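Shown next: start-v6.txt, containing compact mmCIF, C-alpha atoms.
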# COMPACT_ATOMS: atom_id res chain seq x y z
CA MET A 1 85.89 104.86 98.55
CA GLU A 2 86.91 108.09 100.21
CA GLN A 3 90.60 108.43 101.00
CA ARG A 4 91.63 109.90 104.31
CA ILE A 5 94.90 111.09 105.74
CA ASN A 6 96.03 109.88 109.14
CA TYR A 7 97.92 112.88 110.54
CA GLY A 8 99.67 110.84 113.21
CA THR A 9 102.15 112.80 115.29
CA TYR A 10 102.06 115.73 112.83
CA LYS A 11 98.58 116.62 114.12
CA GLN A 12 97.88 118.46 110.85
CA GLU A 13 98.17 117.91 107.13
CA ILE A 14 101.56 118.58 105.55
CA HIS A 15 102.15 118.94 101.81
CA GLU A 16 103.63 115.44 101.41
CA MET A 17 100.42 113.93 102.77
CA ARG A 18 98.26 115.81 100.28
CA GLU A 19 100.61 114.98 97.37
CA MET A 20 100.44 111.24 98.05
CA LEU A 21 96.67 111.35 98.52
CA LEU A 22 96.31 113.03 95.12
CA ALA A 23 98.68 110.46 93.57
CA LYS A 24 96.65 107.61 95.14
CA MET A 25 99.72 106.39 97.05
CA GLY A 26 98.11 106.32 100.48
CA GLN A 27 100.35 107.25 103.40
CA TYR A 28 103.61 106.61 101.48
CA ALA A 29 105.25 110.05 101.36
CA HIS A 30 107.86 109.65 98.62
CA GLY A 31 108.61 113.38 98.63
CA ASN A 32 109.82 113.01 102.21
CA GLN A 33 113.26 111.47 101.63
CA PRO A 34 113.47 109.30 104.79
CA THR A 35 110.77 107.02 103.33
CA GLN A 36 112.15 106.54 99.82
CA HIS A 37 113.57 103.10 100.62
CA VAL A 38 110.18 101.68 101.65
CA PRO A 39 109.20 100.01 98.31
CA TYR A 40 112.47 98.08 98.37
CA LEU A 41 112.01 96.62 101.85
CA TYR A 42 109.99 93.73 100.42
CA ASN A 43 113.31 92.29 99.20
CA PHE A 44 114.30 91.86 102.84
CA SER A 45 111.11 89.96 103.71
CA GLY A 46 111.19 87.36 100.94
CA GLN A 47 108.56 89.08 98.77
CA PRO A 48 110.65 90.68 96.01
CA TRP A 49 107.74 90.88 93.55
CA LYS A 50 106.20 93.57 95.77
CA ALA A 51 109.40 95.63 95.59
CA GLN A 52 109.22 95.32 91.81
CA LYS A 53 105.56 96.36 91.71
CA TYR A 54 105.85 99.35 94.03
CA SER A 55 109.18 100.69 92.79
CA ARG A 56 107.74 100.68 89.24
CA MET A 57 104.56 102.31 90.50
CA VAL A 58 106.58 105.17 91.99
CA THR A 59 108.96 105.68 89.03
CA SER A 60 106.10 105.59 86.52
CA GLY A 61 103.44 107.38 88.54
CA LEU A 62 105.27 110.14 90.39
CA TYR A 63 108.04 111.21 88.01
CA ASN A 64 107.69 112.79 84.57
CA ALA A 65 109.44 115.18 82.18
CA THR A 66 107.50 118.33 83.11
CA GLU A 67 108.09 121.24 85.45
CA ARG A 68 106.31 119.16 88.11
CA GLY A 69 108.35 116.05 87.42
CA TYR A 70 109.51 115.49 91.00
CA PRO A 71 107.08 114.33 93.70
CA GLY A 72 108.56 116.58 96.38
CA ASP A 73 111.54 118.76 97.18
CA GLU A 74 114.78 118.11 95.27
CA ASP A 75 117.02 118.27 98.35
CA GLN A 76 120.70 117.88 97.39
CA GLY A 77 119.76 115.78 94.35
CA GLN A 78 118.04 113.03 96.33
CA MET A 79 114.91 112.86 94.19
CA SER A 80 116.81 112.63 90.92
CA SER A 81 119.37 110.14 92.26
CA TRP A 82 116.51 107.94 93.57
CA TYR A 83 114.92 108.06 90.13
CA VAL A 84 118.11 107.34 88.18
CA LEU A 85 118.99 104.29 90.28
CA SER A 86 115.40 103.05 90.40
CA ALA A 87 114.99 103.49 86.64
CA MET A 88 118.01 101.19 86.24
CA GLY A 89 116.26 98.66 88.52
CA ILE A 90 118.59 98.99 91.53
CA TYR A 91 118.69 101.08 94.71
CA SER A 92 121.06 101.51 97.64
CA VAL A 93 118.69 100.97 100.55
CA CYS A 94 121.46 101.01 103.13
CA PRO A 95 124.45 103.10 102.05
CA GLY A 96 126.54 101.48 104.80
CA THR A 97 126.58 98.23 102.80
CA ASP A 98 127.89 97.52 99.32
CA GLN A 99 124.53 96.21 98.10
CA TYR A 100 122.08 97.57 95.55
CA VAL A 101 118.69 95.90 95.88
CA PHE A 102 116.45 95.15 92.90
CA GLY A 103 113.32 96.95 91.86
CA SER A 104 111.86 97.04 88.36
CA PRO A 105 113.99 98.61 85.62
CA LEU A 106 112.31 101.07 83.26
CA PHE A 107 114.71 100.49 80.39
CA GLU A 108 115.50 97.51 78.21
CA LYS A 109 119.21 98.27 78.47
CA VAL A 110 121.42 100.52 80.56
CA THR A 111 125.18 100.67 80.16
CA ILE A 112 127.32 102.02 82.99
CA ARG A 113 130.79 103.05 81.84
CA LEU A 114 133.10 102.61 84.81
CA ASP A 115 136.23 104.62 85.63
CA ASN A 116 138.28 101.41 85.45
CA GLY A 117 137.50 101.16 81.71
CA ARG A 118 134.96 98.37 82.10
CA GLN A 119 131.24 98.45 81.43
CA PHE A 120 128.37 97.07 83.45
CA VAL A 121 125.17 96.43 81.50
CA ILE A 122 121.70 95.95 82.97
CA ARG A 123 119.44 94.32 80.40
CA ALA A 124 115.70 93.74 80.87
CA ASP A 125 114.19 91.60 78.12
CA ASN A 126 110.41 91.71 77.60
CA ASN A 127 110.26 94.96 79.61
CA SER A 128 107.14 97.14 79.27
CA GLU A 129 104.58 99.04 81.34
CA GLN A 130 102.77 95.74 81.92
CA HIS A 131 105.87 93.57 82.40
CA VAL A 132 107.21 94.92 85.68
CA TYR A 133 108.10 91.62 87.41
CA ILE A 134 111.45 89.86 87.26
CA GLN A 135 110.88 86.32 86.02
CA SER A 136 114.55 85.31 86.02
CA ALA A 137 117.96 86.88 86.38
CA GLN A 138 121.49 86.06 85.30
CA LEU A 139 124.77 87.66 86.28
CA ASN A 140 127.37 87.22 83.54
CA GLY A 141 125.43 84.29 82.08
CA VAL A 142 124.99 82.44 85.39
CA PRO A 143 121.50 82.08 86.95
CA TYR A 144 121.18 84.61 89.77
CA ASP A 145 118.57 84.22 92.52
CA LYS A 146 119.63 87.08 94.80
CA ASN A 147 117.62 90.30 95.08
CA PHE A 148 120.67 92.53 95.16
CA ILE A 149 124.00 93.06 93.48
CA THR A 150 127.18 94.25 95.15
CA TYR A 151 129.26 97.25 94.22
CA GLY A 152 132.16 94.86 93.67
CA ASP A 153 130.12 92.92 91.10
CA ILE A 154 129.39 96.14 89.25
CA LEU A 155 133.07 97.18 89.28
CA GLN A 156 134.06 93.86 87.70
CA GLY A 157 131.98 94.80 84.67
CA GLY A 158 129.70 92.39 82.87
CA GLU A 159 125.96 92.02 82.54
CA LEU A 160 122.98 91.68 84.83
CA HIS A 161 120.25 90.21 82.67
CA PHE A 162 116.59 90.21 83.70
CA VAL A 163 113.66 88.61 81.91
CA MET A 164 110.51 90.53 82.78
CA GLY A 165 106.87 89.40 82.85
CA ALA A 166 103.34 90.60 83.58
CA GLN A 167 102.80 88.30 86.57
CA PRO A 168 104.87 88.01 89.75
CA ASN A 169 107.30 85.12 90.03
CA TYR A 170 106.57 83.92 93.57
CA GLU A 171 109.50 81.48 93.55
CA ARG A 172 112.42 83.64 92.42
CA GLY A 173 114.49 85.30 95.13
CA THR A 174 112.43 84.15 98.12
CA ALA A 175 115.07 82.08 99.95
CA PRO A 176 116.76 83.67 102.99
CA ALA A 177 120.10 83.53 101.12
CA SER A 178 118.58 85.65 98.33
CA ARG A 179 117.81 88.54 100.63
CA PRO A 180 120.00 91.60 101.13
CA PHE A 181 122.02 92.03 104.32
CA SER A 182 120.02 92.92 107.43
CA LEU A 183 121.12 93.20 111.03
CA SER A 184 117.82 91.57 112.00
CA SER A 185 118.87 88.37 110.23
CA LEU A 186 121.97 87.97 112.45
CA GLN A 187 121.54 85.58 115.35

Encoded form (structure tokens):
Amino acid sequence: MEQRINYGTYKQEIHEMREMLLAKMGQYAHGNQPTQHVPYLYNFSGQPWKAQKYSRMVTSGLYNATERGYPGDEDQGQMSSWYVLSAMGIYSVCPGTDQYVFGSPLFEKVTIRLDNGRQFVIRADNNSEQHVYIQSAQLNGVPYDKNFITYGDILQGGELHFVMGAQPNYERGTAPASRPFSLSSLQ
């Protein structure tokens, strides 16, 4: 199947369009920073497994340890900060809130050493290239069904523990109460 670019209001091809076409990412222009939150929006719609799939697809497919390791322009550290947070399995979709939404962590364990002397650990058991989906989560040993963690939770220290799997868990994190804050959910 031939891939095409829809130029939209640009009226011509720009480099981000070509880069995503070559990376087989369709119209998602990760190198254009205003769209970097897009993979995580599935958490807001009750389909967190898609956020896990697509955030892992971007971290694994568009970043690498070469001179071409960024999929776009490294404006003020945005590309590397996106990668660091996403590799830990969290991302600040809306910096005006205190929430970090979940993606798919790349590592089995990440330890954040906080200025207050505490540590916050993100652990992902059974994590691999094939096991990108969160099967279950616990926060400090308590089952955790939300698709985000707050900054306050991180500052308290402790452990966010994921169990990963090869197939999506269509039940975990789908309730409205499991979704991150959104103005559209206010009545």

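Straight-line separation from CA of Asp98 (chain A) to CA of Asn169 (chain A): 25.8 Å.
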
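Between CA of Ser104 (chain A) and CA of Glu171 (chain A) there is a distance of 16.6 Å.
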
Please, what is the axis-aligned box for every listed atom of region 114-130 of chain A with 8 Å on each side, as centre and edge lengths in Å to one decimal, as AutoDock Vina command-line options?
--center_x 120.5 --center_y 98.1 --center_z 81.6 --size_x 51.5 --size_y 29.0 --size_z 24.0

Of the listed residues A:Ile149, A:Ala175, A:Val38, A:Val110, that which approaches Tyr54 (chain A) most closely, counting all atoms listed in the file: A:Val38

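Computed from the coordinates, the CA of Val121 (chain A) to CA of Ala177 (chain A) distance equals 24.0 Å.
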
Nearest-residue call for Leu155 (chain A), choices A:His37, A:His30, A:Arg113, A:Lys50, using only C-alpha atoms: A:Arg113

Shell of 10 Å around Leu41 (chain A), all atoms listed in the file, local chain residues under 4 positions omitted, as number ranges by chain: A: 37, 45-48, 50-51, 93, 101, 180

Residues within 6 Å of (132.8, 95.3, 83.3), file coords, all atoms listed in the file, listed as a list in words: Arg118, Gln119, Phe120, Gln156, Gly157 and Gly158 of chain A

Output file for the residues above (C-alpha atoms, as a PDB file, in the coordinates of the input):
ATOM      1  CA  ARG A 118     134.960  98.370  82.100  1.00  0.00           C
ATOM      2  CA  GLN A 119     131.240  98.450  81.430  1.00  0.00           C
ATOM      3  CA  PHE A 120     128.370  97.070  83.450  1.00  0.00           C
ATOM      4  CA  GLN A 156     134.060  93.860  87.700  1.00  0.00           C
ATOM      5  CA  GLY A 157     131.980  94.800  84.670  1.00  0.00           C
ATOM      6  CA  GLY A 158     129.700  92.390  82.870  1.00  0.00           C
TER       7      GLY A 158
END

Nearest candidate to Ala166 (chain A) (options A:Glu129, A:Asp115, A:Glu13, A:Asp153; using only C-alpha atoms): A:Glu129

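Among the candidates A:Gln99, A:Leu160, A:Tyr63, A:Ser128, the residue lying nearest to Thr111 (chain A) is A:Leu160 (atoms considered: all atoms listed in the file).
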
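Among A:Gly69, A:Thr150, A:Gly61, A:Thr174, the residue with the shortest atom-to-atom distance to Thr97 (chain A), counting all atoms listed in the file, is A:Thr150.
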
Spatial neighbours of Gly141 (chain A), max dist 12 Å, only C-alpha atoms, sep filter under 3 positions, as JSON, numbers by chain: {"A": [123, 136, 137, 138, 144, 158, 159, 160, 161, 162]}

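Considering only C-alpha atoms, the residue among A:Gly89, A:Pro176, A:Gly165, A:Gly152 positioned nearest to Phe44 (chain A) is A:Pro176.
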
Who sits within 7 Å of Glu108 (chain A), all atoms listed in the file, same chain under 5 positions skipped, as a PyMOL selection string: chain A and resi 123-125+127

Exercise: Pro168 (chain A) partners within 6 Å, only C-alpha atoms, chain neighbours under 2 positions left out, as a list in words: Trp49, Tyr133 and Tyr170 of chain A

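Here the residues that fall within 6 Å of (121.5, 89.7, 98.7), using all atoms listed in the file, are given as A:Lys146, A:Asn147, A:Phe148, A:Ser178, A:Arg179, A:Pro180.
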